[in-house]
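Note: the block below is data-v2.txt and it holds compact mmCIF, C-alpha atoms.
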# COMPACT_ATOMS: atom_id res chain seq x y z
CA VAL G 73 72.85 -20.25 6.97
CA HIS G 74 70.89 -23.27 8.26
CA LEU G 75 71.09 -25.14 4.95
CA THR G 76 74.88 -24.92 4.61
CA PRO G 77 75.86 -27.93 6.78
CA LEU G 78 73.11 -30.19 5.42
CA ARG G 79 73.88 -33.00 3.00
CA THR G 80 71.47 -32.74 0.09
CA ASP G 81 71.58 -33.10 -3.68
CA LEU G 82 69.12 -30.21 -4.03
CA ASP G 83 70.30 -26.78 -5.19
CA LYS G 84 70.57 -24.91 -1.89
CA ASN G 85 69.61 -21.53 -3.39
CA GLU G 86 66.45 -23.02 -4.90
CA LEU G 87 65.78 -24.90 -1.66
CA ALA G 88 66.13 -21.65 0.30
CA ARG G 89 63.53 -19.99 -1.97
CA LYS G 90 61.11 -22.91 -1.53
CA MET G 91 61.64 -22.92 2.23
CA ALA G 92 60.96 -19.18 2.38
CA ALA G 93 57.70 -19.67 0.48
CA LEU G 94 56.62 -22.60 2.67
CA THR G 95 57.51 -21.00 6.00
CA PRO G 96 56.13 -17.44 6.12
CA GLY G 97 56.57 -15.83 9.51
CA PHE G 98 59.11 -18.39 10.72
CA THR G 99 62.02 -17.08 12.78
CA GLY G 100 65.60 -18.15 12.22
CA ALA G 101 65.21 -20.61 15.09
CA ASP G 102 62.10 -22.08 13.44
CA ILE G 103 64.01 -22.54 10.17
CA GLY G 104 66.84 -24.18 12.13
CA ASN G 105 64.31 -26.54 13.72
CA VAL G 106 62.91 -27.43 10.29
CA CYS G 107 66.39 -28.19 8.96
CA ASN G 108 67.26 -30.33 11.99
CA GLU G 109 63.93 -32.15 11.80
CA ALA G 110 64.41 -32.80 8.06
CA ALA G 111 67.82 -34.32 8.81
CA LEU G 112 66.31 -36.52 11.52
CA ILE G 113 63.52 -37.70 9.22
CA ALA G 114 66.03 -38.56 6.51
CA ALA G 115 68.19 -40.42 9.03
CA ARG G 116 65.19 -42.43 10.28
CA GLU G 117 64.64 -43.52 6.68
CA ALA G 118 68.35 -44.43 6.41
CA ARG G 119 68.86 -41.88 3.62
CA ILE G 120 72.28 -40.45 2.85
CA THR G 121 70.91 -37.12 1.65
CA ILE G 122 67.93 -34.96 2.63
CA GLU G 123 65.24 -34.61 -0.05
CA MET G 124 62.35 -32.16 -0.45
CA PRO G 125 59.74 -34.53 1.08
CA HIS G 126 61.87 -34.59 4.25
CA PHE G 127 61.74 -30.79 4.43
CA GLU G 128 57.97 -30.79 3.81
CA ALA G 129 57.40 -33.34 6.58
CA ALA G 130 59.66 -31.33 8.88
CA ILE G 131 57.67 -28.14 8.26
CA GLU G 132 54.45 -29.95 9.16
CA ARG G 133 56.02 -31.29 12.31
CA VAL G 134 57.36 -27.89 13.40
CA VAL G 135 54.03 -26.16 12.63
CA ALA G 136 51.61 -28.77 13.96
CA GLY G 137 53.69 -30.86 16.36
CA MET G 138 54.06 -34.60 16.55
CA GLU G 139 51.19 -36.80 15.51
CA LYS G 140 49.07 -37.83 18.48
CA LYS G 141 47.94 -41.44 18.12
CA THR G 142 46.29 -41.92 21.49
CA ASN G 143 43.18 -39.78 20.93
CA VAL G 144 40.86 -42.20 19.15
CA LEU G 145 37.67 -40.73 17.71
CA GLN G 146 34.46 -42.57 17.14
CA PRO G 147 33.52 -43.02 13.45
CA ALA G 148 30.73 -40.42 13.70
CA GLU G 149 33.17 -37.87 15.19
CA LYS G 150 35.74 -38.57 12.47
CA ASN G 151 33.05 -38.03 9.85
CA THR G 152 32.02 -34.70 11.40
CA VAL G 153 35.62 -33.45 11.63
CA ALA G 154 36.36 -34.51 8.05
CA HIS G 155 33.29 -32.70 6.70
CA HIS G 156 34.12 -29.59 8.72
CA GLU G 157 37.69 -29.46 7.40
CA ALA G 158 36.49 -30.17 3.86
CA GLY G 159 34.27 -27.10 4.23
CA HIS G 160 37.31 -24.96 5.04
CA ALA G 161 39.15 -26.38 2.05
CA VAL G 162 36.26 -25.87 -0.39
CA CYS G 163 35.67 -22.29 0.78
CA GLY G 164 39.37 -21.49 0.50
CA TRP G 165 39.55 -23.03 -2.95
CA PHE G 166 36.71 -20.91 -4.34
CA LEU G 167 37.46 -17.59 -2.61
CA GLU G 168 39.06 -15.36 -5.21
CA HIS G 169 41.49 -13.49 -2.97
CA ALA G 170 42.41 -16.30 -0.57
CA ASP G 171 45.91 -17.71 -0.45
CA PRO G 172 46.27 -21.03 -2.29
CA LEU G 173 45.46 -24.15 -0.31
CA LEU G 174 48.41 -26.49 0.22
CA LYS G 175 47.14 -29.25 2.46
CA VAL G 176 44.22 -30.27 4.64
CA GLY G 177 44.68 -32.69 7.50
CA CYS G 178 42.47 -34.48 10.00
CA VAL G 179 45.18 -35.90 12.21
CA GLY G 180 45.53 -35.24 15.92
CA MET G 181 48.66 -33.27 16.74
CA LEU G 182 50.21 -32.65 20.14
CA THR G 183 50.18 -28.85 19.88
CA HIS G 184 46.84 -28.36 18.15
CA SER G 185 43.40 -29.86 18.01
CA LEU G 186 42.25 -32.55 15.62
CA ARG G 187 42.42 -30.69 12.36
CA TRP G 188 44.32 -28.11 10.41
CA VAL G 189 44.38 -26.40 7.04
CA VAL G 190 47.66 -25.15 5.54
CA TRP G 191 47.55 -22.12 3.29
CA ALA G 192 50.37 -20.75 1.16
CA CYS G 193 51.09 -17.09 1.83
Take the structure I supplied and represent it as structure tokens, if you would.
Amino acid sequence: VHLTPLRTDLDKNELARKMAALTPGFTGADIGNVCNEAALIAAREARITIEMPHFEAAIERVVAGMEKKTNVLQPAEKNTVAHHEAGHAVCGWFLEHADPLLKVGCVGMLTHSLRWVVWAC
């Protein structure tokens, strides 16, 4: 439903399957927000069509919020946060029954703290 009005060269059925896999637990409104955000990202890049990286960036933005650039950490704090998040990633990678790890970030977001780990469900 939300993909129908979008201009993309991607197969919309395949895109719908990928979106469903990348957005577990999202409501219809959340999916609508992702589609709108993907269109905005593509427009900011002066693209005629929306590509998969636009959808991926939109999912991150809907999940984690906008990047917060005003909270500057000291180098020692950045190092501590990076090691902490790397620990989450390493544990998740080696745990046999854990969902696969998609992405680890150490970027301040408006809706969350300084770090996040994204798992595929």
Give one line per residue of stretch 118-171 of chain G that approaches stretch 97-103 of chain G to at most 10 Å, naming the two atoms of the closest pair and their distance in Å to one decimal, counting only C-alpha atoms; sort by chain then ascending residue number and deliver it as a tab-separated table.
residue	atom	partner	partner_atom	distance
G:Ala130	CA	G:Ile103	CA	9.9
G:Ile131	CA	G:Ile103	CA	8.7
G:Val134	CA	G:Asp102	CA	7.5
G:Val135	CA	G:Asp102	CA	9.1
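What separates atom CA of G:Glu109 from atom CA of G:Ala129 is a distance of 8.4 Å.
Interatomic distance, atom CA of G:Glu157 to atom CA of G:Ala110: 26.9 Å.
For the pair atom CA of G:Leu87 and atom CA of G:His160, the separation is 29.2 Å.
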Notebook entry, point to check: Which of these, G:Val162, G:Ala170, G:Ala93, G:Val153, has the shortest distance to G:Glu128 once you count all atoms listed in the file?
Noted result: G:Ala93
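Using all atoms listed in the file, the shortest contact distance between G:Ala161 and any of G:Ala92, G:Thr80, G:Asn105, G:Leu173 is found at G:Leu173.
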Please return, as an mmCIF file with C-alpha atoms, keeping the file's coordinate frame, all polymer residues that have at least one atom within 8 Å of the point (71.1, -32.0, -3.3); use only C-alpha atoms and the file's own coordinate frame.
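Writing the result to point.cif gives the following:
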data_model
loop_
_atom_site.group_PDB
_atom_site.id
_atom_site.type_symbol
_atom_site.label_atom_id
_atom_site.label_comp_id
_atom_site.auth_asym_id
_atom_site.auth_seq_id
_atom_site.Cartn_x
_atom_site.Cartn_y
_atom_site.Cartn_z
ATOM 1 C CA ARG G 79 73.880 -33.000 3.000
ATOM 2 C CA THR G 80 71.470 -32.740 0.090
ATOM 3 C CA ASP G 81 71.580 -33.100 -3.680
ATOM 4 C CA LEU G 82 69.120 -30.210 -4.030
ATOM 5 C CA ASP G 83 70.300 -26.780 -5.190
ATOM 6 C CA LYS G 84 70.570 -24.910 -1.890
ATOM 7 C CA THR G 121 70.910 -37.120 1.650
ATOM 8 C CA ILE G 122 67.930 -34.960 2.630
ATOM 9 C CA GLU G 123 65.240 -34.610 -0.050
#
